[in-house]
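Single-structure report; data block below.
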Amino acid sequence: MNINLSYYLTILFLLTSFSISAQYNRYWSNSFNTDASLLSGAVVGGGSGITAIYYNPAQIADISYKKFAITANIFSFYNTNFKNALVEGEKTSDLKFRVQPRFVAYLLRPEKWKNTSIEICTFTRDSYKYEQLSRSVREVDVIATYPGDEEFIGDFYYRCEYEDYWIGGGIARELSPKWKFGVSGFYSYSYIRYNYNVTTRAYNLDNKSLDLVEYNYNHYISGFTSKILFKGGLTYSGDKWQFGMAVTTPSMRITGSSTVSREVSTHNIHNQDGSRKEDLLITDQQLKLRTNFKTPFSLSLGTKRSFKKHSIYLSAEYFGGIDSFAMINQTQNQVLSSGSGYSIPSDNWLGVSSKREGITNIAFGWRGDINDHLELMGGFRTDFSFDKYNGAHDYHNPAEIITPSIDQYHFTSGVEFEFLHSDVIIGIQYSYSKDQHLEQFADFSDPIEYDPSTNTILQGYRNNSMSIWENTMSIFLGFTYNINNQGN
């Protein structure tokens with residue numbers, strides 16, 4: 001079979017547009033549907049295979065023949081649940097199904113470069129998609145100056161879509177029979193689409209001629225960042241033990257910009273003494289605001305212990321913290337505003353800040369031979385959030401991107417076998433996350449008209465009663481063609 005490099009490069013770049021769903025604000029949600037995935041990514045010390053360019057580029061040198069890999073996620077089922085997010089006792093669920101390719105790579109060993117291997121790849125490093133539209137309608141006496149009950153309508157809309165596409169290349173060299181060293185570099189293009197909206201209205205049921213009372217808050221972002229980063233790796237191989245280390249640089253921004261719109265408005269709100277307040281409007285929209293989605297320095301360590309018919313793997317990765325920084329930078333204040341009776345600041349109205357907490361994830365994997373052509377694998381890894389959800393802060397300046405991000409845990413299992421000179425993996429991953437006693441997105445259960453001490457306007461006081469839990473089940477299929485290993 002005559003297969004040339006240009007053919008693979010064509011496929012490689014045509015597939016860069018495909019993505020999968022993972023989780024924004026976590027580093028280890030990605031899974032590439034390779035044997036490394038079935039080991040839960042515990043492969044820094046050995047066993048990364050075609051994904052060496054990502055986990056530890058020194059292991060690129062472990063492969064002495066050409067390989068081409070394309071992996072697919074046959075089926076993924078995502079079930080995200082919220083309780084008390086907006087209304088006490090109310091549960092909302094989001095179900096998603098996805099079928100997409102995930103990781104494409106080509107590895108070659110140039111004949112003229114002794115003990116040297118090269119790899120190129122493209123994959124989706126991170127992907128997050130969530131959308132929620134909710135409405136609550138109830139009869140409640142929310143406006144003290146109007147007689148009787150009012151019809152209260154609370155609308156909540158949330159949408160966040162984040163994608164991070166990577167294209168990379170790496171090279172590794174066997175320094176000696178025991179030592180290998182490698183480096184890789186990546187170009188990253190990440191974008192976000194974000195909308196957060198809370199709208200509440202109330203009108204008198206007995207006298208509809210009375211004015212409608214309204215509150216609206218809306219925040220919209222559409223932006224991107226392109227950046228580069230590099231990774232260096234080292235491995236040592238003994239008789240039964242292997243050790244590995246990899247260092248990843250912080251990302252270096254090339255370019256990035258965002259369109260941002262943010263607005264808060266009120267209509268016919270009354271003071272606690274019954275007098276009508278001046279209507280409020282704070283609004284701005286600007287294009288091409290400087291944007292930078294940063295990733296931090298990281299250090300990973302791993303080991304592999306080989307036995308007669310099985311191996312165990314252990315890896316850990318520390319991600320450095322990043323203090324609060326301007327993810328989206330507003331250079332000019334062009335806010336349009338009216339109404340001075342509310343303590344809502346408008347400085348840096350379109351700016352967006354973010355931060356990265358320092359975290360350490362760990363992974364464990366096991367691999368055993370069933371027979372000469374079939375292997376069983378399994379693993380576990382933590383996936384801690386670097387910016388956990390701590391409430392929906394409508395009036396923070398600069399603003400924040402609200403994401404219901406919590407810690408997650410992944411369990412993997414599957415088999416690898418040979419078929420027509422290829423390595424095929426079939427496996428399953430179950431992921432679980434849960435957290436409770438979180439601040440609500442908004443409170444539509446017991447609305448009040450206005451409380452100046454907390455700037456609560458036509459909604460209730462947000463309490464820490466919200467719970468989030470997510471269950472994800474994925475079935476993997478991976479295919480790696482061993483181009484120059486026809487004898488196996």
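Each chain in the structure tokens gets a letter, A, B and so on, in the order shown; residues start at 1 in every chain, and ligands are counted from 1 in the order they appear.
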Please return, as a ChimeraX atom specification, all residues of range 314-478 of chain A that DSSP assigns to strand (DSSP E or B) on the basis of the backbone.
/A:314-319,322-329,336-338,352-356,359-371,374-383,385,399,408-419,422-438,448-451,456-459,466-478
Within 6 Å of range 339-358 of chain A, which residues of range 314-333 of chain A come that close, and what is the closest atom pair and distance in Å for each? Count only C-alpha atoms and give it as a Markdown table.
```
| residue | atom | partner | partner_atom | distance |
| --- | --- | --- | --- | --- |
| A:Phe319 | CA | A:Gly358 | CA | 5.5 |
| A:Gly320 | CA | A:Gly358 | CA | 4.6 |
| A:Gly321 | CA | A:Gly358 | CA | 3.9 |
| A:Ile322 | CA | A:Arg356 | CA | 4.7 |
| A:Asp323 | CA | A:Lys355 | CA | 5.4 |
| A:Ser324 | CA | A:Lys355 | CA | 4.4 |
| A:Phe325 | CA | A:Ser353 | CA | 5.5 |
| A:Ala326 | CA | A:Ser353 | CA | 4.6 |
| A:Met327 | CA | A:Ser353 | CA | 5.2 |
| A:Ile328 | CA | A:Val352 | CA | 4.9 |
| A:Asn329 | CA | A:Gly351 | CA | 5.1 |
| A:Gln330 | CA | A:Gly351 | CA | 5.0 |
```
Would you mind exporting C-alpha atoms of the selected residues as a short mmCIF file (atom, residue, chain, number, x, y, z; two decimals), in the first residue's frame?
```cif
data_model
loop_
_atom_site.label_atom_id
_atom_site.label_comp_id
_atom_site.auth_asym_id
_atom_site.auth_seq_id
_atom_site.Cartn_x
_atom_site.Cartn_y
_atom_site.Cartn_z
CA PHE A 319 -0.69 24.04 36.59
CA GLY A 320 0.53 27.39 37.84
CA GLY A 321 -1.84 30.10 38.95
CA ILE A 322 -2.44 33.37 37.17
CA ASP A 323 -3.55 36.38 39.19
CA SER A 324 -6.61 38.31 38.07
CA PHE A 325 -5.91 39.74 34.61
CA ALA A 326 -7.75 41.61 31.85
CA MET A 327 -9.09 38.90 29.57
CA ILE A 328 -10.90 41.61 27.60
CA ASN A 329 -9.48 45.10 27.89
CA GLN A 330 -11.65 48.20 27.50
#
```
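Residue nearest Arg262 in chain A within the list A:Asn292, A:Asn115, A:Asn33, A:Gln334: A:Gln334 [criterion: smallest interatomic distance, only C-alpha atoms].
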Need to verify the contact set: range 234-242 of chain A, 6 Å, only C-alpha atoms, exclusion of same-chain residues closer than 3 positions in sequence. Can you return it as a PDB file with N, CA and C atoms, in the first residue's frame?
```pdb
ATOM      1  N   GLY A  45       5.129   9.247  31.901  1.00  0.00           N
ATOM      2  CA  GLY A  45       6.316   8.417  32.044  1.00  0.00           C
ATOM      3  C   GLY A  45       6.452   7.339  31.000  1.00  0.00           C
ATOM      4  N   ALA A  58       9.127  13.805  24.397  1.00  0.00           N
ATOM      5  CA  ALA A  58      10.274  12.894  24.351  1.00  0.00           C
ATOM      6  C   ALA A  58       9.861  11.509  23.872  1.00  0.00           C
ATOM      7  N   LYS A 178      18.761   4.724  27.018  1.00  0.00           N
ATOM      8  CA  LYS A 178      17.899   4.978  28.169  1.00  0.00           C
ATOM      9  C   LYS A 178      17.290   6.375  28.196  1.00  0.00           C
ATOM     10  N   TRP A 179      17.899   7.335  27.529  1.00  0.00           N
ATOM     11  CA  TRP A 179      17.451   8.723  27.617  1.00  0.00           C
ATOM     12  C   TRP A 179      16.903   9.213  26.276  1.00  0.00           C
ATOM     13  N   LYS A 180      15.782   9.922  26.346  1.00  0.00           N
ATOM     14  CA  LYS A 180      15.187  10.548  25.164  1.00  0.00           C
ATOM     15  C   LYS A 180      14.750  11.958  25.522  1.00  0.00           C
ATOM     16  N   PHE A 181      14.846  12.846  24.530  1.00  0.00           N
ATOM     17  CA  PHE A 181      14.469  14.247  24.736  1.00  0.00           C
ATOM     18  C   PHE A 181      13.640  14.717  23.542  1.00  0.00           C
ATOM     19  N   MET A 245       9.212  13.478  32.385  1.00  0.00           N
ATOM     20  CA  MET A 245       8.925  14.827  32.854  1.00  0.00           C
ATOM     21  C   MET A 245       8.649  15.704  31.636  1.00  0.00           C
ATOM     22  N   THR A 303       5.449   8.047  35.828  1.00  0.00           N
ATOM     23  CA  THR A 303       6.238   6.824  35.874  1.00  0.00           C
ATOM     24  C   THR A 303       5.415   5.657  35.341  1.00  0.00           C
ATOM     25  N   LYS A 304       6.116   4.659  34.848  1.00  0.00           N
ATOM     26  CA  LYS A 304       5.493   3.424  34.371  1.00  0.00           C
ATOM     27  C   LYS A 304       6.277   2.251  34.949  1.00  0.00           C
ATOM     28  N   ARG A 305       5.562   1.296  35.506  1.00  0.00           N
ATOM     29  CA  ARG A 305       6.197   0.082  36.059  1.00  0.00           C
ATOM     30  C   ARG A 305       5.700  -1.116  35.259  1.00  0.00           C
ATOM     31  N   SER A 306       6.641  -1.822  34.635  1.00  0.00           N
ATOM     32  CA  SER A 306       6.295  -2.964  33.794  1.00  0.00           C
ATOM     33  C   SER A 306       6.474  -4.272  34.559  1.00  0.00           C
TER      34      SER A 306
END
```
Find the residue from A:Ile428, A:Ile63, A:Val142, A:Ile406 that sits nearest to Met473 in chain A; use only C-alpha atoms when measuring.
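Distance minimum relative to Met473 in chain A lands on A:Ile428.
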Rounded to one decimal, what separation in Å do you get between CA of Ser40 in chain A and CA of Gln429 in chain A?
8.9 Å
Nearest residue to Asp273 in chain A from the set A:Val44, A:Ile426, A:Ala144, A:Leu301 (distances using only C-alpha atoms):
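Smallest separation from Asp273 in chain A among the options: A:Ala144.
Nearest residue to Thr145 in chain A among A:Arg125, A:His219, A:Arg201, A:Arg276 is A:Arg276, counting only C-alpha atoms.
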To one decimal in Å, tell me the separation between CA of Phe441 in chain A and CA of Ile468 in chain A.
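Between CA of Phe441 in chain A and CA of Ile468 in chain A the gap works out to 11.7 Å.
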Proximity check range 14-114 of chain A to range 371-388 of chain A, 7 Å, nearest pairs one decimal Å, only C-alpha atoms, as a Markdown table:
```
| residue | atom | partner | partner_atom | distance |
| --- | --- | --- | --- | --- |
| A:Asn25 | CA | A:Ser385 | CA | 5.6 |
| A:Arg26 | CA | A:Ser385 | CA | 4.7 |
| A:Tyr27 | CA | A:Asp383 | CA | 6.8 |
| A:Trp28 | CA | A:Asp383 | CA | 5.3 |
| A:Ser29 | CA | A:Asp383 | CA | 6.5 |
| A:Leu38 | CA | A:Gly378 | CA | 5.6 |
| A:Leu39 | CA | A:Gly379 | CA | 4.7 |
| A:Ser40 | CA | A:Gly379 | CA | 4.9 |
```
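Using only C-alpha atoms, the smallest distance between any of A:Glu449, A:Ala36, A:Val424, A:Asp164 and Gly274 in chain A comes from A:Glu449.
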Which residue out of A:Ile53, A:Ile448, A:Ile60, A:Ile401 has the minimum interatomic distance to Ser117 in chain A when only C-alpha atoms are used?
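Using only C-alpha atoms, the shortest distance to Ser117 in chain A belongs to A:Ile60.
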Atom pair CA of Phe411 in chain A / CA of Tyr432 in chain A: separation (Å):
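Answer for the CA of Phe411 in chain A to CA of Tyr432 in chain A separation: 8.7 Å.
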